[in-house]
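Worksheet: the structure to be examined is printed underneath.
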Amino acid sequence: MTRRRTLYLQVMIAATVAVACAVALSVVSEKAEATFPGKNGRIAYESFGGGTDGGIYTSNPGGGGKSKVTNGAEPSFSPNGKRIAYSSWDGNDTEIYTIKVGGGGKTSVTNNTSEDFDPSYSPNGKRIAYTAANKARSIVYTINVDGSGKSRVTEGLQPAYSPDGKRIAYQDYSGNASQINTIKVGGGGKFRVTKGPGGAFLPDYSPDGKRIAYASYEGPDTEIYTIGVDGGVRRK
């Protein structure tokens with residue numbers, strides 16, 4: 001599955017609830033997504049140039065040293081910087097895989113009939129949170145890196161672990177506008193972080209776990225905000 005198709009799926013899911021959120025996601029689909037590693041100092045990112053799949057590359061933070069890792073999308077570094085989790089089309093749907101940073105050692109994490117995407121490593125590197133979508137419904141799951149121990153967390157998408165590994169921030173599209181929620185990794189303790197009419201999506205915790213960065217579409221374009229994990233006043 002191409003990256004554009006994956007993002008289109010996310011847009012269509014959100015569009016059934018919030019048109020504004022769908023517009024915001026379509027804007028994001030034109031950007032290259034990147035993730036910062038733990039120890040090796042390189043950046044993993046996705047570059048879409050057409051074809052069957054996007055390409056995942058790593059490069060030095062200051063530029064240069066570009067190296068292609070594999071075909072796929074949505075790279076997420078393991079905490080030790082040695083592997084990358086990503087989504088890729090397997091011929092039938094999108095699945096989650098991991099691979100060595102230099103390429104090789106590809107491991108299948110999911111293998112089912114749903115569209116699996118949005119991988120995010122846990123802080124200890126033992127589990128991966130991801131989204132599984134089927135028709136007009138998407139579910140956040142966690143799973144061991146070897147593909148065992150799959151566990152349902154909640155309905156939603158775009159999961160991101162807190163630095164202590166105890167909670168997951170995610171996009172909730174169950175209301176009139178997409179919002180950011182957090183929840184315990186085992187489910188329960190759901191808390192709504194953002195409020196308002198705009199579509200909030202793509203959450204990511206600060207390193208100290210006290211704030212969440214996210215994107216919000218409120219017309220005429222998408223902006224970046226941070227907010228405390230307990231809600232409150234946001235910062236643009």
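Identifiers in the structure tokens: chain A, B, ... in order shown; residue index from 1 per chain; ligand index from 1 in order shown.
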
Might you pull out every residue within 8 Å of region 92-96 of chain A, with only C-alpha atoms counted and same-chain residues fewer than 5 positions away left off, and present them as a PDB file with N, CA and C atoms, in the first residue's frame?
```
ATOM      1  N   MET A   1       0.842  -1.191   0.000  1.00  0.00           N
ATOM      2  CA  MET A   1       0.000   0.000   0.000  1.00  0.00           C
ATOM      3  C   MET A   1       0.879   1.244   0.000  1.00  0.00           C
ATOM      4  N   THR A   6      -2.551   4.898   2.560  1.00  0.00           N
ATOM      5  CA  THR A   6      -2.666   4.770   4.007  1.00  0.00           C
ATOM      6  C   THR A   6      -3.253   6.024   4.619  1.00  0.00           C
ATOM      7  N   ALA A  85      10.625   0.507  13.383  1.00  0.00           N
ATOM      8  CA  ALA A  85       9.299  -0.032  13.111  1.00  0.00           C
ATOM      9  C   ALA A  85       8.673   0.814  12.014  1.00  0.00           C
ATOM     10  N   TYR A  86       7.908   0.182  11.144  1.00  0.00           N
ATOM     11  CA  TYR A  86       7.304   0.921  10.031  1.00  0.00           C
ATOM     12  C   TYR A  86       6.105   0.147   9.497  1.00  0.00           C
ATOM     13  N   SER A  87       5.325   0.783   8.649  1.00  0.00           N
ATOM     14  CA  SER A  87       4.201   0.121   7.986  1.00  0.00           C
ATOM     15  C   SER A  87       4.537  -0.071   6.518  1.00  0.00           C
ATOM     16  N   SER A 108       8.295  -9.445  10.640  1.00  0.00           N
ATOM     17  CA  SER A 108       6.866  -9.138  10.581  1.00  0.00           C
ATOM     18  C   SER A 108       6.296  -9.090  11.993  1.00  0.00           C
ATOM     19  N   VAL A 109       5.619  -8.014  12.312  1.00  0.00           N
ATOM     20  CA  VAL A 109       5.007  -7.861  13.633  1.00  0.00           C
ATOM     21  C   VAL A 109       3.520  -8.205  13.575  1.00  0.00           C
ATOM     22  N   THR A 110       2.812  -7.717  12.565  1.00  0.00           N
ATOM     23  CA  THR A 110       1.393  -8.027  12.397  1.00  0.00           C
ATOM     24  C   THR A 110       1.178  -8.788  11.093  1.00  0.00           C
ATOM     25  N   ASN A 111       0.124  -9.593  11.056  1.00  0.00           N
ATOM     26  CA  ASN A 111      -0.228 -10.344   9.850  1.00  0.00           C
ATOM     27  C   ASN A 111      -1.703 -10.700   9.949  1.00  0.00           C
ATOM     28  N   ASN A 112      -2.542  -9.822   9.413  1.00  0.00           N
ATOM     29  CA  ASN A 112      -3.981 -10.025   9.522  1.00  0.00           C
ATOM     30  C   ASN A 112      -4.677  -9.339   8.358  1.00  0.00           C
ATOM     31  N   THR A 113      -5.981  -9.174   8.439  1.00  0.00           N
ATOM     32  CA  THR A 113      -6.739  -8.586   7.334  1.00  0.00           C
ATOM     33  C   THR A 113      -7.058  -7.116   7.538  1.00  0.00           C
ATOM     34  N   SER A 114      -6.612  -6.525   8.643  1.00  0.00           N
ATOM     35  CA  SER A 114      -6.857  -5.100   8.874  1.00  0.00           C
ATOM     36  C   SER A 114      -5.722  -4.272   8.287  1.00  0.00           C
ATOM     37  N   GLU A 115      -5.953  -2.972   8.166  1.00  0.00           N
ATOM     38  CA  GLU A 115      -4.904  -2.050   7.746  1.00  0.00           C
ATOM     39  C   GLU A 115      -4.174  -1.583   8.999  1.00  0.00           C
ATOM     40  N   ASP A 116      -2.919  -1.976   9.162  1.00  0.00           N
ATOM     41  CA  ASP A 116      -2.156  -1.668  10.361  1.00  0.00           C
ATOM     42  C   ASP A 116      -1.115  -0.587  10.057  1.00  0.00           C
ATOM     43  N   PHE A 117      -1.100   0.477  10.874  1.00  0.00           N
ATOM     44  CA  PHE A 117      -0.202   1.597  10.614  1.00  0.00           C
ATOM     45  C   PHE A 117       0.035   2.359  11.925  1.00  0.00           C
ATOM     46  N   PRO A 119       2.904   2.906  13.768  1.00  0.00           N
ATOM     47  CA  PRO A 119       3.669   2.209  14.814  1.00  0.00           C
ATOM     48  C   PRO A 119       4.416   3.169  15.725  1.00  0.00           C
TER      49      PRO A 119
END
```

Interface rows for region 88-192 of chain A against region 61-71 of chain A: nearest pair, Å to one decimal, 10 Å, only C-alpha atoms, as JSON lines:
```
{"residue": "A:Ser88", "atom": "CA", "partner": "A:Asn71", "partner_atom": "CA", "distance": 7.2}
{"residue": "A:Trp89", "atom": "CA", "partner": "A:Asn71", "partner_atom": "CA", "distance": 9.1}
{"residue": "A:Ile99", "atom": "CA", "partner": "A:Val69", "partner_atom": "CA", "distance": 8.1}
{"residue": "A:Lys100", "atom": "CA", "partner": "A:Val69", "partner_atom": "CA", "distance": 8.0}
{"residue": "A:Val101", "atom": "CA", "partner": "A:Val69", "partner_atom": "CA", "distance": 6.6}
{"residue": "A:Gly102", "atom": "CA", "partner": "A:Val69", "partner_atom": "CA", "distance": 6.0}
{"residue": "A:Gly103", "atom": "CA", "partner": "A:Val69", "partner_atom": "CA", "distance": 4.8}
{"residue": "A:Gly104", "atom": "CA", "partner": "A:Val69", "partner_atom": "CA", "distance": 8.1}
{"residue": "A:Lys106", "atom": "CA", "partner": "A:Thr70", "partner_atom": "CA", "distance": 9.2}
```

Generate the output file for the selected residues, N, CA and C atoms, as a CSV table (one decimal), in the first residue's frame.
```
chain,number,residue,atom,x,y,z
A,88,SER,N,4.0,-1.2,5.9
A,88,SER,CA,4.3,-1.4,4.5
A,88,SER,C,3.2,-2.3,4.0
A,89,TRP,N,3.0,-2.2,2.7
A,89,TRP,CA,2.0,-2.9,1.9
A,89,TRP,C,2.5,-4.3,1.7
A,99,ILE,N,12.9,-3.5,11.2
A,99,ILE,CA,14.1,-3.8,10.4
A,99,ILE,C,15.3,-3.1,11.1
A,100,LYS,N,16.5,-3.7,10.8
A,100,LYS,CA,17.7,-3.0,11.3
A,100,LYS,C,17.9,-1.7,10.7
A,101,VAL,N,18.5,-0.8,11.4
A,101,VAL,CA,18.7,0.6,10.9
A,101,VAL,C,19.5,0.6,9.6
A,102,GLY,N,20.4,-0.3,9.5
A,102,GLY,CA,21.2,-0.4,8.2
A,102,GLY,C,20.5,-1.2,7.1
A,103,GLY,N,19.3,-1.7,7.4
A,103,GLY,CA,18.6,-2.6,6.5
A,103,GLY,C,18.9,-4.0,6.8
A,104,GLY,N,18.0,-4.9,6.4
A,104,GLY,CA,18.2,-6.3,6.7
A,104,GLY,C,17.5,-6.7,8.0
A,106,LYS,N,14.6,-8.0,8.5
A,106,LYS,CA,13.2,-7.6,8.5
A,106,LYS,C,12.3,-8.6,9.3
```

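CA of Arg192 (chain A) to CA of Lys210 (chain A) spans 14.9 Å [interatomic distance, one decimal].
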
Test item, alpha helix (DSSP H) assignment across chain A, answer as a PyMOL selection string: chain A and resi 3-15+19-28

Restricting it to N, CA and C atoms, dump the selection as a compact mmCIF listing (two decimals), in the first residue's frame.
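New file part_35.txt:
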```
# COMPACT_ATOMS: atom_id res chain seq x y z
N ARG A 3 1.91 5.17 0.72
CA ARG A 3 1.70 6.06 1.87
C ARG A 3 0.45 6.89 1.66
N ARG A 4 0.23 7.33 0.40
CA ARG A 4 -0.95 8.16 0.14
C ARG A 4 -2.23 7.38 0.41
N ARG A 5 -2.22 6.08 0.06
CA ARG A 5 -3.41 5.28 0.31
C ARG A 5 -3.64 5.12 1.81
N THR A 6 -2.55 4.90 2.56
CA THR A 6 -2.67 4.77 4.01
C THR A 6 -3.25 6.02 4.62
N LEU A 7 -2.73 7.19 4.23
CA LEU A 7 -3.25 8.44 4.77
C LEU A 7 -4.68 8.69 4.31
N TYR A 8 -5.01 8.27 3.07
CA TYR A 8 -6.37 8.42 2.59
C TYR A 8 -7.33 7.64 3.47
N LEU A 9 -6.90 6.42 3.88
CA LEU A 9 -7.73 5.62 4.76
C LEU A 9 -7.99 6.35 6.06
N GLN A 10 -6.93 6.94 6.65
CA GLN A 10 -7.08 7.68 7.90
C GLN A 10 -8.01 8.87 7.71
N VAL A 11 -7.87 9.55 6.59
CA VAL A 11 -8.73 10.71 6.32
C VAL A 11 -10.19 10.30 6.22
N MET A 12 -10.45 9.19 5.52
CA MET A 12 -11.83 8.76 5.34
C MET A 12 -12.46 8.33 6.66
N ILE A 13 -11.68 7.68 7.53
CA ILE A 13 -12.19 7.31 8.84
C ILE A 13 -12.59 8.55 9.62
N ALA A 14 -11.69 9.52 9.65
CA ALA A 14 -11.96 10.74 10.40
C ALA A 14 -13.09 11.54 9.78
N ALA A 15 -13.20 11.48 8.46
CA ALA A 15 -14.20 12.29 7.77
C ALA A 15 -15.62 11.87 8.11
N VAL A 19 -15.39 16.72 9.42
CA VAL A 19 -14.86 17.17 8.15
C VAL A 19 -13.59 17.97 8.34
N ALA A 20 -13.54 18.76 9.37
CA ALA A 20 -12.35 19.57 9.62
C ALA A 20 -11.13 18.71 9.83
N CYS A 21 -11.28 17.63 10.55
CA CYS A 21 -10.13 16.74 10.79
C CYS A 21 -9.68 16.11 9.49
N ALA A 22 -10.62 15.77 8.64
CA ALA A 22 -10.25 15.17 7.36
C ALA A 22 -9.43 16.14 6.53
N VAL A 23 -9.82 17.40 6.54
CA VAL A 23 -9.06 18.41 5.81
C VAL A 23 -7.65 18.51 6.35
N ALA A 24 -7.54 18.50 7.67
CA ALA A 24 -6.22 18.60 8.31
C ALA A 24 -5.34 17.43 7.93
N LEU A 25 -5.87 16.22 7.94
CA LEU A 25 -5.07 15.05 7.62
C LEU A 25 -4.64 15.07 6.16
N SER A 26 -5.47 15.59 5.27
CA SER A 26 -5.08 15.66 3.88
C SER A 26 -3.93 16.62 3.68
N VAL A 27 -3.85 17.67 4.50
CA VAL A 27 -2.72 18.59 4.44
C VAL A 27 -1.46 17.90 4.89
N VAL A 28 -1.55 17.14 5.99
CA VAL A 28 -0.39 16.45 6.53
C VAL A 28 0.13 15.40 5.56
```

Who sits within 8 Å of Ala200 (chain A), only C-alpha atoms, same chain under 2 positions skipped, as a ChimeraX atom specification: /A:21,171,177-180,194,198,202,214-217

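Shortest atom-to-atom contact with Arg211 (chain A) among A:Lys195, A:Gly231, A:Ile224, A:Val140: A:Gly231, counting only C-alpha atoms.
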
Region 152-154 of chain A environment, 6 Å, only C-alpha atoms, sequence neighbours closer than 6 positions dropped, as a PyMOL selection string: chain A and resi 139-141+186-187

Selection: 12 Å around Gly209 (chain A), only C-alpha atoms, excl. self and same-chain fewer than 6 positions, as a PyMOL selection string: chain A and resi 123+160-169+182+226-230

Let me see the file: selected residues, N, CA and C atoms, as an mmCIF file, in the first residue's frame.
```
data_model
loop_
_atom_site.group_PDB
_atom_site.id
_atom_site.type_symbol
_atom_site.label_atom_id
_atom_site.label_comp_id
_atom_site.auth_asym_id
_atom_site.auth_seq_id
_atom_site.Cartn_x
_atom_site.Cartn_y
_atom_site.Cartn_z
ATOM 1 N N PRO A 123 8.824 2.813 25.501
ATOM 2 C CA PRO A 123 10.127 3.296 25.966
ATOM 3 C C PRO A 123 11.143 2.187 26.249
ATOM 4 N N ALA A 160 0.873 7.265 20.746
ATOM 5 C CA ALA A 160 2.238 7.645 21.129
ATOM 6 C C ALA A 160 2.411 7.346 22.610
ATOM 7 N N TYR A 161 3.437 6.579 22.954
ATOM 8 C CA TYR A 161 3.709 6.235 24.346
ATOM 9 C C TYR A 161 4.196 7.442 25.134
ATOM 10 N N SER A 162 3.814 7.499 26.411
ATOM 11 C CA SER A 162 4.422 8.465 27.328
ATOM 12 C C SER A 162 5.834 7.976 27.654
ATOM 13 N N PRO A 163 6.751 8.875 28.050
ATOM 14 C CA PRO A 163 8.133 8.477 28.331
ATOM 15 C C PRO A 163 8.274 7.407 29.410
ATOM 16 N N ASP A 164 7.328 7.352 30.365
ATOM 17 C CA ASP A 164 7.412 6.325 31.401
ATOM 18 C C ASP A 164 6.728 5.025 30.990
ATOM 19 N N GLY A 165 6.126 5.012 29.800
ATOM 20 C CA GLY A 165 5.506 3.806 29.271
ATOM 21 C C GLY A 165 4.183 3.428 29.892
ATOM 22 N N LYS A 166 3.623 4.300 30.727
ATOM 23 C CA LYS A 166 2.394 3.965 31.445
ATOM 24 C C LYS A 166 1.121 4.383 30.713
ATOM 25 N N ARG A 167 1.217 5.390 29.836
ATOM 26 C CA ARG A 167 0.036 5.887 29.150
ATOM 27 C C ARG A 167 0.314 6.035 27.658
ATOM 28 N N ILE A 168 -0.756 6.152 26.904
ATOM 29 C CA ILE A 168 -0.674 6.360 25.463
ATOM 30 C C ILE A 168 -1.539 7.559 25.095
ATOM 31 N N ALA A 169 -0.973 8.497 24.369
ATOM 32 C CA ALA A 169 -1.748 9.599 23.785
ATOM 33 C C ALA A 169 -2.209 9.150 22.404
ATOM 34 N N THR A 182 -5.585 10.696 26.394
ATOM 35 C CA THR A 182 -4.590 9.752 26.892
ATOM 36 C C THR A 182 -5.324 8.629 27.608
ATOM 37 N N THR A 226 1.286 22.934 21.894
ATOM 38 C CA THR A 226 1.594 22.045 23.005
ATOM 39 C C THR A 226 0.582 22.321 24.110
ATOM 40 N N ILE A 227 0.368 21.306 24.929
ATOM 41 C CA ILE A 227 -0.595 21.426 26.021
ATOM 42 C C ILE A 227 -0.141 20.498 27.146
ATOM 43 N N GLY A 228 -0.464 20.838 28.387
ATOM 44 C CA GLY A 228 -0.147 19.974 29.508
ATOM 45 C C GLY A 228 -0.893 18.669 29.410
ATOM 46 N N VAL A 229 -0.321 17.595 29.956
ATOM 47 C CA VAL A 229 -0.977 16.299 29.878
ATOM 48 C C VAL A 229 -2.312 16.286 30.625
ATOM 49 N N ASP A 230 -2.510 17.238 31.528
ATOM 50 C CA ASP A 230 -3.775 17.359 32.234
ATOM 51 C C ASP A 230 -4.689 18.393 31.602
#
```

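Across the model, the gap from CA of Lys150 (chain A) to CA of Gly175 (chain A) is 26.8 Å.
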